[in-house]
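Asker: Provided herewith: structure_16.tsv, TSV, C-alpha atoms and all ligand atoms.
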```tsv
chain	number	residue	atom	x	y	z
Q	1	MET	CA	119.80	173.07	151.17
Q	2	THR	CA	123.38	171.85	151.66
Q	3	PHE	CA	126.32	174.24	151.53
Q	4	ALA	CA	127.34	172.89	148.10
Q	5	GLN	CA	123.81	173.42	146.76
Q	6	ARG	CA	123.76	176.96	148.16
Q	7	LEU	CA	127.12	177.77	146.57
Q	8	ASP	CA	125.90	176.34	143.29
Q	9	ARG	CA	122.63	178.29	143.44
Q	10	ILE	CA	124.42	181.61	144.02
Q	11	ARG	CA	126.90	180.73	141.27
Q	12	ARG	CA	124.03	180.29	138.80
Q	13	LEU	CA	122.22	183.45	139.95
Q	14	THR	CA	125.45	185.45	139.64
Q	15	GLU	CA	126.12	184.11	136.16
Q	16	THR	CA	122.60	185.02	135.02
Q	17	ARG	CA	123.08	188.54	136.40
Q	18	LEU	CA	126.53	188.88	134.80
Q	19	ASP	CA	125.11	187.66	131.52
Q	20	ALA	CA	122.38	190.33	131.69
Q	21	LEU	CA	124.86	193.07	132.60
Q	22	LEU	CA	127.18	192.10	129.76
Q	23	GLY	CA	124.25	191.63	127.37
Q	24	ALA	CA	123.15	195.17	128.13
Q	25	LYS	CA	126.51	196.35	126.77
Q	26	THR	CA	125.74	194.78	123.40
Q	27	GLU	CA	122.51	196.77	122.95
Q	28	PRO	CA	123.37	199.48	120.44
Q	29	VAL	CA	122.46	202.95	121.67
Q	30	GLU	CA	121.14	204.98	118.73
Q	31	GLU	CA	124.05	207.33	118.22
Q	32	ASP	CA	126.83	204.89	119.35
Q	33	GLY	CA	127.49	201.74	117.40
Q	34	PRO	CA	127.65	198.41	119.22
Q	35	PRO	CA	130.97	197.74	121.01
Q	36	PRO	CA	133.50	195.66	119.05
Q	37	GLN	CA	132.48	192.00	119.03
Q	38	ARG	CA	136.03	190.79	119.71
Q	39	LEU	CA	136.14	192.75	122.97
Q	40	LEU	CA	132.70	191.48	123.99
Q	41	ASP	CA	133.78	187.90	123.29
Q	42	ALA	CA	136.91	188.37	125.41
Q	43	ILE	CA	134.88	189.87	128.28
Q	44	GLY	CA	132.52	186.90	128.07
Q	45	HIS	CA	135.50	184.51	128.11
Q	46	ALA	CA	136.97	186.26	131.17
Q	47	THR	CA	133.69	186.33	133.04
Q	48	LEU	CA	131.48	183.43	132.14
Q	49	GLY	CA	133.89	180.54	131.67
Q	50	GLY	CA	133.77	178.85	135.08
Q	51	GLY	CA	134.84	179.95	138.54
Q	52	LYS	CA	133.47	179.16	141.97
Q	53	ARG	CA	131.85	182.62	142.39
Q	54	PHE	CA	132.94	182.51	145.99
Q	55	ARG	CA	133.07	186.30	146.43
Q	56	PRO	CA	129.47	186.75	145.14
Q	57	PHE	CA	128.48	183.99	147.55
Q	58	LEU	CA	129.97	185.99	150.44
Q	59	VAL	CA	128.10	189.14	149.35
Q	60	VAL	CA	124.74	187.35	149.12
Q	61	GLU	CA	125.18	185.39	152.35
Q	62	SER	CA	126.46	188.33	154.39
Q	63	ALA	CA	123.54	190.43	153.14
Q	64	ALA	CA	121.17	187.64	154.18
Q	65	LEU	CA	122.30	188.18	157.80
Q	66	PHE	CA	120.47	191.52	157.63
Q	67	GLY	CA	117.36	190.20	155.93
Q	68	LEU	CA	118.22	191.08	152.32
Q	69	SER	CA	116.98	188.79	149.56
Q	70	GLU	CA	119.38	187.21	147.06
Q	71	ASN	CA	118.05	189.55	144.41
Q	72	GLU	CA	118.74	192.65	146.50
Q	73	ALA	CA	122.42	191.64	146.84
Q	74	LEU	CA	122.98	190.35	143.32
Q	75	ASP	CA	124.18	193.52	141.57
Q	76	THR	CA	126.82	194.02	144.27
Q	77	ALA	CA	127.78	190.34	143.99
Q	78	ALA	CA	128.14	190.66	140.20
Q	79	ALA	CA	130.17	193.88	140.56
Q	80	VAL	CA	132.66	192.17	142.88
Q	81	GLU	CA	132.94	189.24	140.47
Q	82	CYS	CA	133.65	191.67	137.59
Q	83	VAL	CA	136.59	193.08	139.59
Q	84	HIS	CA	137.80	189.56	140.40
Q	85	CYS	CA	137.58	188.44	136.74
Q	86	TYR	CA	139.42	191.56	135.58
Q	87	SER	CA	142.19	190.85	138.10
Q	88	LEU	CA	142.58	187.28	136.85
Q	89	ALA	CA	142.67	188.37	133.19
Q	90	HIS	CA	145.40	190.90	133.98
Q	91	ASP	CA	147.28	188.64	136.41
Q	92	ASP	CA	147.57	185.98	133.70
Q	93	LEU	CA	149.20	188.37	131.19
Q	94	PRO	CA	152.79	187.69	130.12
Q	95	ALA	CA	153.94	190.87	131.90
Q	96	MET	CA	152.50	189.58	135.18
Q	97	ASP	CA	152.16	185.85	135.96
Q	98	ASN	CA	152.36	184.65	132.34
Q	99	ASP	CA	149.74	181.90	132.67
Q	100	GLU	CA	148.15	180.01	129.80
Q	101	THR	CA	145.42	178.11	131.65
Q	102	ARG	CA	142.77	179.44	134.00
Q	103	ARG	CA	139.53	177.75	135.05
Q	104	SER	CA	140.60	174.82	132.82
Q	105	GLN	CA	140.50	177.06	129.72
Q	106	PRO	CA	143.04	179.16	127.84
Q	107	THR	CA	143.60	182.46	129.65
Q	108	VAL	CA	142.12	185.55	127.99
Q	109	TRP	CA	145.37	186.70	126.37
Q	110	LYS	CA	146.02	183.18	125.09
Q	111	ALA	CA	142.52	182.80	123.61
Q	112	PHE	CA	142.60	186.33	122.11
Q	113	ASP	CA	145.75	188.47	122.46
Q	114	GLU	CA	147.34	190.75	125.02
Q	115	TRP	CA	145.74	194.03	124.03
Q	116	THR	CA	142.30	192.46	124.00
Q	117	ALA	CA	142.89	190.88	127.43
Q	118	ILE	CA	143.99	194.25	128.83
Q	119	LEU	CA	140.95	196.02	127.43
Q	120	ALA	CA	138.57	193.24	128.56
Q	121	GLY	CA	139.95	193.66	132.10
Q	122	ASP	CA	139.62	197.45	131.92
Q	123	ALA	CA	136.02	197.09	130.72
Q	124	LEU	CA	135.15	194.70	133.57
Q	125	LEU	CA	136.70	196.96	136.19
Q	126	THR	CA	134.70	199.96	135.00
Q	127	LEU	CA	131.51	197.91	134.54
Q	128	ALA	CA	131.69	197.02	138.24
Q	129	PHE	CA	131.40	200.66	139.27
Q	130	GLU	CA	128.77	201.45	136.65
Q	131	THR	CA	126.73	198.56	138.09
Q	132	LEU	CA	127.07	199.81	141.66
Q	133	SER	CA	126.03	203.33	140.64
Q	134	ALA	CA	122.64	202.16	139.34
Q	135	PRO	CA	119.57	202.20	141.64
Q	136	THR	CA	119.11	198.45	141.07
Q	137	ALA	CA	122.23	197.96	143.23
Q	138	HIS	CA	120.43	199.65	146.17
Q	139	PRO	CA	117.63	202.22	146.30
Q	140	ASP	CA	119.56	204.49	148.72
Q	141	ALA	CA	122.25	206.60	147.00
Q	142	ASP	CA	124.31	206.80	150.24
Q	143	VAL	CA	124.51	203.02	150.32
Q	144	ARG	CA	125.55	202.93	146.66
Q	145	LEU	CA	128.27	205.47	147.41
Q	146	ALA	CA	129.54	203.41	150.36
Q	147	LEU	CA	129.65	200.30	148.14
Q	148	ILE	CA	131.56	202.18	145.43
Q	149	ALA	CA	134.03	203.60	147.96
Q	150	GLY	CA	134.52	200.23	149.64
Q	151	LEU	CA	135.06	198.32	146.42
Q	152	ALA	CA	137.37	201.01	145.01
Q	153	ARG	CA	139.54	200.88	148.12
Q	154	ALA	CA	139.63	197.06	148.16
Q	155	ALA	CA	140.55	196.90	144.48
Q	156	GLY	CA	143.00	199.79	144.35
Q	157	ILE	CA	146.36	200.92	145.62
Q	158	HIS	CA	145.47	200.21	149.28
Q	159	GLY	CA	144.10	196.79	148.29
Q	160	MET	CA	144.49	194.35	145.43
Q	161	VAL	CA	146.56	196.50	143.05
Q	162	GLY	CA	148.89	197.54	145.88
Q	163	GLY	CA	149.28	193.88	146.91
Q	164	GLN	CA	149.98	192.80	143.36
Q	165	ALA	CA	152.64	195.51	143.04
Q	166	LEU	CA	154.31	194.38	146.29
Q	167	ASP	CA	154.16	190.76	145.14
Q	168	LEU	CA	155.73	191.43	141.74
Q	169	GLY	CA	158.24	193.83	143.29
Q	170	ALA	CA	159.34	191.20	145.84
Q	171	GLU	CA	160.07	188.84	142.98
Q	172	ARG	CA	161.55	191.20	140.45
Q	173	LEU	CA	163.11	194.27	142.04
Q	174	PRO	CA	166.64	194.08	143.43
Q	175	ARG	CA	166.66	193.53	147.20
Q	176	THR	CA	169.18	192.72	149.90
Q	177	ALA	CA	167.24	189.96	151.67
Q	178	PRO	CA	164.42	187.58	150.72
Q	179	PRO	CA	160.97	188.67	151.95
Q	180	ALA	CA	160.15	187.77	155.55
Q	181	LEU	CA	156.89	186.13	156.59
Q	182	ALA	CA	155.43	189.43	157.86
Q	183	GLU	CA	155.99	191.00	154.44
Q	184	ILE	CA	154.29	188.10	152.64
Q	185	LEU	CA	151.36	188.21	155.08
Q	186	HIS	CA	150.98	191.94	154.44
Q	187	LEU	CA	151.09	191.71	150.65
Q	188	GLN	CA	148.67	188.78	150.61
Q	189	SER	CA	146.22	190.61	152.88
Q	190	LEU	CA	146.12	193.29	150.17
Q	191	LYS	CA	146.34	191.14	147.05
Q	192	THR	CA	143.86	188.40	147.97
Q	193	GLY	CA	142.41	189.50	151.31
Q	194	ALA	CA	141.06	192.96	150.52
Q	195	LEU	CA	138.48	191.85	147.93
Q	196	ILE	CA	137.38	188.90	150.05
Q	197	THR	CA	137.06	191.19	153.07
Q	198	PHE	CA	134.98	193.67	151.06
Q	199	SER	CA	132.75	190.84	149.82
Q	200	ALA	CA	131.93	189.88	153.42
Q	201	GLU	CA	131.58	193.49	154.54
Q	202	ALA	CA	129.29	194.36	151.60
Q	203	GLY	CA	126.37	192.61	153.30
Q	204	ALA	CA	126.64	194.99	156.25
Q	205	ILE	CA	126.79	197.99	153.89
Q	206	LEU	CA	123.77	196.78	151.91
Q	207	GLY	CA	121.91	196.02	155.14
Q	208	GLN	CA	122.82	199.43	156.64
Q	209	ALA	CA	124.07	197.55	159.69
Q	210	ASP	CA	125.80	199.16	162.67
Q	211	ALA	CA	129.59	199.59	162.97
Q	212	ASP	CA	130.00	196.52	165.21
Q	213	ALA	CA	128.36	194.21	162.68
Q	214	ARG	CA	130.43	195.74	159.89
Q	215	ARG	CA	133.62	195.23	161.89
Q	216	ALA	CA	132.71	191.62	162.70
Q	217	LEU	CA	132.30	190.90	158.99
Q	218	GLN	CA	135.59	192.66	158.21
Q	219	ASP	CA	137.34	190.44	160.76
Q	220	TYR	CA	135.67	187.38	159.30
Q	221	GLY	CA	136.68	188.42	155.77
Q	222	ALA	CA	140.28	189.14	156.74
Q	223	ALA	CA	140.69	185.70	158.35
Q	224	LEU	CA	138.93	184.06	155.43
Q	225	GLY	CA	141.20	185.86	152.96
Q	226	LEU	CA	144.28	184.55	154.72
Q	227	ALA	CA	142.82	181.03	154.81
Q	228	PHE	CA	142.07	181.35	151.10
Q	229	GLN	CA	145.66	182.30	150.34
Q	230	ILE	CA	147.22	179.54	152.46
Q	231	ALA	CA	144.90	177.02	150.78
Q	232	ASP	CA	145.93	178.42	147.38
Q	233	ASP	CA	149.63	178.08	148.23
Q	234	LEU	CA	149.07	174.52	149.46
Q	235	LEU	CA	147.22	173.70	146.23
Q	236	ASP	CA	150.18	175.02	144.26
Q	237	VAL	CA	152.42	172.57	146.13
Q	238	GLU	CA	150.11	169.59	146.52
Q	239	GLY	CA	147.24	170.08	144.06
Q	240	ASP	CA	146.73	168.43	140.75
Q	241	ALA	CA	146.51	170.74	137.72
Q	242	ALA	CA	143.44	169.04	136.23
Q	243	THR	CA	141.41	169.56	139.43
Q	244	VAL	CA	142.77	172.99	140.27
Q	245	GLY	CA	142.12	174.16	136.69
Q	246	LYS	CA	145.44	175.99	136.32
Q	247	ALA	CA	149.15	175.23	136.37
Q	248	VAL	CA	150.54	174.09	139.74
Q	249	SER	CA	154.08	174.00	141.22
Q	250	LYS	CA	154.61	177.44	139.70
Q	251	ASP	CA	155.73	179.11	142.93
Q	252	GLU	CA	158.47	176.59	143.65
Q	253	ALA	CA	159.67	176.60	140.03
Q	254	ALA	CA	159.93	180.40	140.19
Q	255	GLY	CA	161.71	180.24	143.57
Q	256	LYS	CA	158.91	182.40	144.93
Q	257	ALA	CA	158.59	182.99	148.68
Q	258	THR	CA	155.08	182.01	149.77
Q	259	LEU	CA	153.42	181.36	153.10
Q	260	VAL	CA	154.00	177.65	152.53
Q	261	SER	CA	157.65	177.95	151.46
Q	262	LEU	CA	158.41	180.14	154.50
Q	263	MET	CA	156.43	178.14	157.08
Q	264	GLY	CA	156.68	174.62	155.69
Q	265	ILE	CA	153.67	172.49	154.78
Q	266	ASP	CA	152.83	171.25	158.29
Q	267	ALA	CA	152.98	174.66	159.93
Q	268	ALA	CA	150.95	176.12	157.05
Q	269	ARG	CA	148.26	173.48	157.65
Q	270	THR	CA	148.20	174.34	161.37
Q	271	GLU	CA	147.97	178.03	160.56
Q	272	LEU	CA	145.15	177.32	158.09
Q	273	LYS	CA	143.16	175.62	160.87
Q	274	ARG	CA	143.88	178.53	163.23
Q	275	VAL	CA	142.64	181.18	160.80
Q	276	GLU	CA	139.61	179.07	159.87
Q	277	GLN	CA	138.67	179.13	163.57
Q	278	ALA	CA	139.39	182.88	163.80
Q	279	ALA	CA	136.98	183.43	160.91
Q	280	ILE	CA	134.31	181.35	162.63
Q	281	ASP	CA	134.87	183.14	165.97
Q	282	ALA	CA	134.36	186.53	164.29
Q	283	LEU	CA	130.83	185.46	163.39
Q	284	ALA	CA	129.82	184.88	167.03
Q	285	PRO	CA	127.63	188.04	167.21
Q	286	PHE	CA	125.36	186.63	164.49
Q	287	GLY	CA	124.67	183.32	166.27
Q	288	THR	CA	123.02	180.58	164.26
Q	289	LYS	CA	122.12	182.99	161.44
Q	290	ALA	CA	125.75	182.74	160.34
Q	291	GLU	CA	125.73	178.97	159.81
Q	292	THR	CA	126.32	179.21	156.04
Q	293	LEU	CA	129.21	181.66	156.47
Q	294	ILE	CA	130.72	179.30	159.05
Q	295	GLU	CA	130.53	176.52	156.49
Q	296	ALA	CA	132.17	178.84	153.97
Q	297	ALA	CA	135.21	179.11	156.26
Q	298	ARG	CA	135.41	175.32	156.44
Q	299	PHE	CA	135.00	175.12	152.66
Q	300	VAL	CA	137.89	177.52	152.06
Q	301	SER	CA	140.35	175.64	154.21
Q	302	SER	CA	139.49	172.27	152.70
Q	303	ARG	CA	139.09	173.29	149.06
Q	304	ASN	CA	140.83	171.31	146.32
Q	305	ARG	CA	140.27	173.78	143.42
J	1	LIG	C1	146.16	192.20	138.25
J	1	LIG	C2	145.68	194.07	139.87
J	1	LIG	C3	145.85	192.64	139.61
J	1	LIG	C4	145.72	191.81	140.66
J	1	LIG	C5	145.80	190.36	140.56
J	1	LIG	C6	143.77	188.11	142.16
J	1	LIG	C7	145.18	188.39	141.83
J	1	LIG	C8	145.63	189.80	141.92
J	1	LIG	C9	145.99	187.45	141.41
J	1	LIG	C10	145.61	186.05	141.25
J	1	LIG	C11	146.77	185.22	141.69
J	1	LIG	C12	146.33	184.23	142.67
J	1	LIG	C13	146.34	182.82	142.20
J	1	LIG	C14	145.99	184.57	143.90
J	1	LIG	C15	145.60	183.59	144.91
J	1	LIG	C16	144.18	183.63	145.33
J	1	LIG	C17	143.24	183.77	144.21
J	1	LIG	C18	142.75	185.14	143.96
J	1	LIG	C19	142.85	182.70	143.52
J	1	LIG	C20	141.83	182.75	142.44
J	1	LIG	O1	140.56	182.96	142.98
J	1	LIG	P1	139.44	181.82	142.99
J	1	LIG	O2	140.00	180.54	143.51
J	1	LIG	O3	139.19	181.66	141.43
J	1	LIG	O4	138.22	182.36	143.68
J	1	LIG	P2	137.85	181.27	140.64
J	1	LIG	O5	138.35	180.79	139.31
J	1	LIG	O6	137.11	180.21	141.40
J	1	LIG	O7	137.05	182.54	140.51
```
Could you spell out this file's structure in C-alpha cells?
Ligand code: GRG

Answerer:
Amino acid sequence: MTFAQRLDRIRRLTETRLDALLGAKTEPVEEDGPPPQRLLDAIGHATLGGGKRFRPFLVVESAALFGLSENEALDTAAAVECVHCYSLAHDDLPAMDNDETRRSQPTVWKAFDEWTAILAGDALLTLAFETLSAPTAHPDADVRLALIAGLARAAGIHGMVGGQALDLGAERLPRTAPPALAEILHLQSLKTGALITFSAEAGAILGQADADARRALQDYGAALGLAFQIADDLLDVEGDAATVGKAVSKDEAAGKATLVSLMGIDAARTELKRVEQAAIDALAPFGTKAETLIEAARFVSSRNR
C-alpha cells in the first residue's frame, strides 16, 4: 500500500468511527430526550466535512510500531480528531480568527451561528474524553488514564489553548516590541505542536512502551509539529485558496508575525527541510518499522493543502 493509500484508509476508518461515536449521541436514552438536532447537525458539519485526518493517522501508525491493530487504536485516533475539530470550529469564530471557509465549506459559525459553533466545539471536546474513558479505547484502565491525562495536557493551558492565547495576545494586546522568532516558535509548539506530539506519543501509551520509545515519539512529534506549522505558513503565503480549502494571505494582510515573515521564505524552506530530517532521525530506534512515519514527515513538509 502506498503512503497516500494508507492515509486514505485511516481517514475512512476514522470517519466511520467518528460517525458511530456521534450516532451514539443521537440514541435517545429513556429518561433524557434526544439532543437538539441543530447541535447534532453542527457537530456533524464540524467533524465529518473533510480534513486529512493526519492526527488520527499518527495515532494508528505509532500504535502499529508496538503491534497494535488499527481497530485497537481507532478510539484514541477519533478522540484526538474530536479535539482537533473542536479547535478549528472555535478558531474560526469571529472572536478568534474570523474565518468563513474551512475544508472548502462554510465554517461552523457561518453555516449555523456563533452560539451553535461554540456549543458544537464544547460537545466535541468533552466527547473526546468520554471516548477515551470507555474500555473500547483500551482494556487497561491505567492506559486509559494516561491517554486522558496526555490529551488533556496537549489540548489545555500547557498546550493548544495556551498557544492560542499567546498567539491572539501577540496580535491584540499592547506590547513594546513585535514578537521575536523564539516567541513565535514557543507559541506554535503549543498551539499546533502539542496535539501533533500527543498523536505520535499516543501509540507508545497504547502499546505500553518503555520511556525511551515514548520519548523518541515525542521528539518525532515535536519536529513534525514544527514542520507542519512552517508548511502552513508557507501555504498562507504561496498556496492557492481552492487547493488549501481556506482563505490564504491572511497572515500578511493582518500584519501577523509568522515563522515565514520573520525568517523569509527561503530560510523557512531550509528550516522546513532541517526539521523534516530531525523528525526522521528521531525514529531511528524503530528501524524499518517506522517507514510509514518517515513518509509522514516527508508528506508534511511537501503538503499543498
Ligand atoms: C481554539 C483553543 C483553540 C485553538 C485553535 C488549531 C488551532 C488552535 C488553530 C488553527 C489555526 C491554524 C491554521 C493552525 C495551523 C496548523 C493547523 C492546525 C492547521 C489545520 O490542521 P490540518 O491541516 O486541517 O490538519 P485538516 O482540515 O486537514 O484537519

Asker: Give me, please, the distance in Å between CA of Asp75 (chain Q) and CA of Ile196 (chain Q), quoted to one decimal.

Answerer: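 Between these atoms lies a distance of 16.4 Å.
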
Asker: Would you mind reading off the distance between CA of Leu187 (chain Q) and CA of Leu224 (chain Q), one decimal, in Å?

Answerer: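 Computed distance, CA of Leu187 (chain Q) to CA of Leu224 (chain Q), equals 15.1 Å.
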
Asker: Find the distance between CA of Leu190 (chain Q) and CA of Gln218 (chain Q) and write it in Å to one decimal.

Answerer: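 Here the two named atoms are 13.3 Å from each other.
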
Asker: Using all atoms listed in the file, can you tell me which of Q:Arg269, Q:Lys250, Q:Arg274, Q:Arg305 comes closest to ligand LIG 1 (chain J)?

Answerer: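 Checking each of Q:Arg269, Q:Lys250, Q:Arg274, Q:Arg305 against ligand LIG 1 (chain J), counting all atoms listed in the file, the winner is Q:Arg305.
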
Asker: Return the single residue from Q:Asp266, Q:Asp41, Q:Asp91, Q:Asp212 that is closest to ligand LIG 1 (chain J), with distances computed using only C-alpha atoms and all ligand atoms.

Answerer: Q:Asp91

Asker: Using all atoms listed in the file, which residues of chain Q come within 6 Å of ligand LIG 1 (chain J), and what is the closest atom pair for each, with the distance in Å to one decimal? Give it as a Markdown table, sorted by chain and residue number.

Answerer:
```
| residue | atom | partner | partner_atom | distance |
| --- | --- | --- | --- | --- |
| Q:Gly51 | CA | J:LIG1 | O6 | 3.7 |
| Q:Lys52 | CA | J:LIG1 | O6 | 3.8 |
| Q:Arg53 | CA | J:LIG1 | O7 | 5.5 |
| Q:Phe54 | CA | J:LIG1 | O4 | 5.8 |
| Q:Ser87 | CA | J:LIG1 | C1 | 4.2 |
| Q:Leu88 | CA | J:LIG1 | C10 | 5.5 |
| Q:His90 | CA | J:LIG1 | C1 | 4.5 |
| Q:Asp91 | CA | J:LIG1 | C1 | 4.2 |
| Q:Arg103 | CA | J:LIG1 | O5 | 5.4 |
| Q:Met160 | CA | J:LIG1 | C4 | 5.5 |
| Q:Val161 | CA | J:LIG1 | C2 | 4.1 |
| Q:Gln164 | CA | J:LIG1 | C4 | 5.1 |
| Q:Lys191 | CA | J:LIG1 | C8 | 5.3 |
| Q:Thr192 | CA | J:LIG1 | C18 | 5.3 |
| Q:Gln229 | CA | J:LIG1 | C16 | 5.4 |
| Q:Asp232 | CA | J:LIG1 | C15 | 5.7 |
```

Asker: Env of Ile230 (chain Q): 9 Å cut, atoms = all atoms listed in the file, seq-sep filter 5 positions within chain, self excluded. Answer as a list in words.

Answerer: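 Counting only the stated atoms, we get Gly225, Leu235, Thr258, Leu259, Val260, Ala268, Arg269, Glu271, Leu272 and Ser301 of chain Q.
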
Asker: Go through Q:Leu283, Q:Ala42, Q:Leu147, Q:Leu48 and flag the residue nearest Ala20 (chain Q), using all atoms listed in the file for the distances.

Answerer: Q:Leu48

Asker: Quick one: everything within 10 Å of region 93-98 of chain Q, counting only C-alpha atoms, minus sequence neighbours fewer than 6 positions away in the same chain. Send it as a ChimeraX atom specification.

Answerer: /Q:107-110,113-115,117-118,164-165,168,250

Asker: Measuring atom to atom with only C-alpha atoms, identify which of Q:Phe66, Q:Phe112, Q:Phe57, Q:Phe3 is nearest to Phe286 (chain Q).

Answerer: Q:Phe66

Asker: Let me make sure I understand: among Q:Asp19, Q:Glu291, Q:Asp167, Q:Glu201, which one has the smallest atom-to-atom distance to Ile184 (chain Q) if we use all atoms listed in the file?

Answerer: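 Of the candidates, the smallest distance to Ile184 (chain Q) is held by Q:Asp167.
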
Asker: Restricting the calculation to only C-alpha atoms, which member of Q:Leu13, Q:Ala24, Q:Leu68, Q:Leu58 is positioned closest to Ala297 (chain Q)?

Answerer: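 Residue with the minimum atom-to-atom distance to Ala297 (chain Q): Q:Leu58.
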
Asker: What's around Asp142 (chain Q) at 12 Å? Count all atoms listed in the file, leave out sequence neighbours fewer than 3 positions away in its own chain, and write the answer as a list in words.

Answerer: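 Contacts, with the query itself left out: Leu132, Ser133, Ala134, Pro135, Ala137, His138, Pro139, Leu145, Ala146, Leu147, Ile148, Ala149, Ile205, Leu206 and Gln208 of chain Q.
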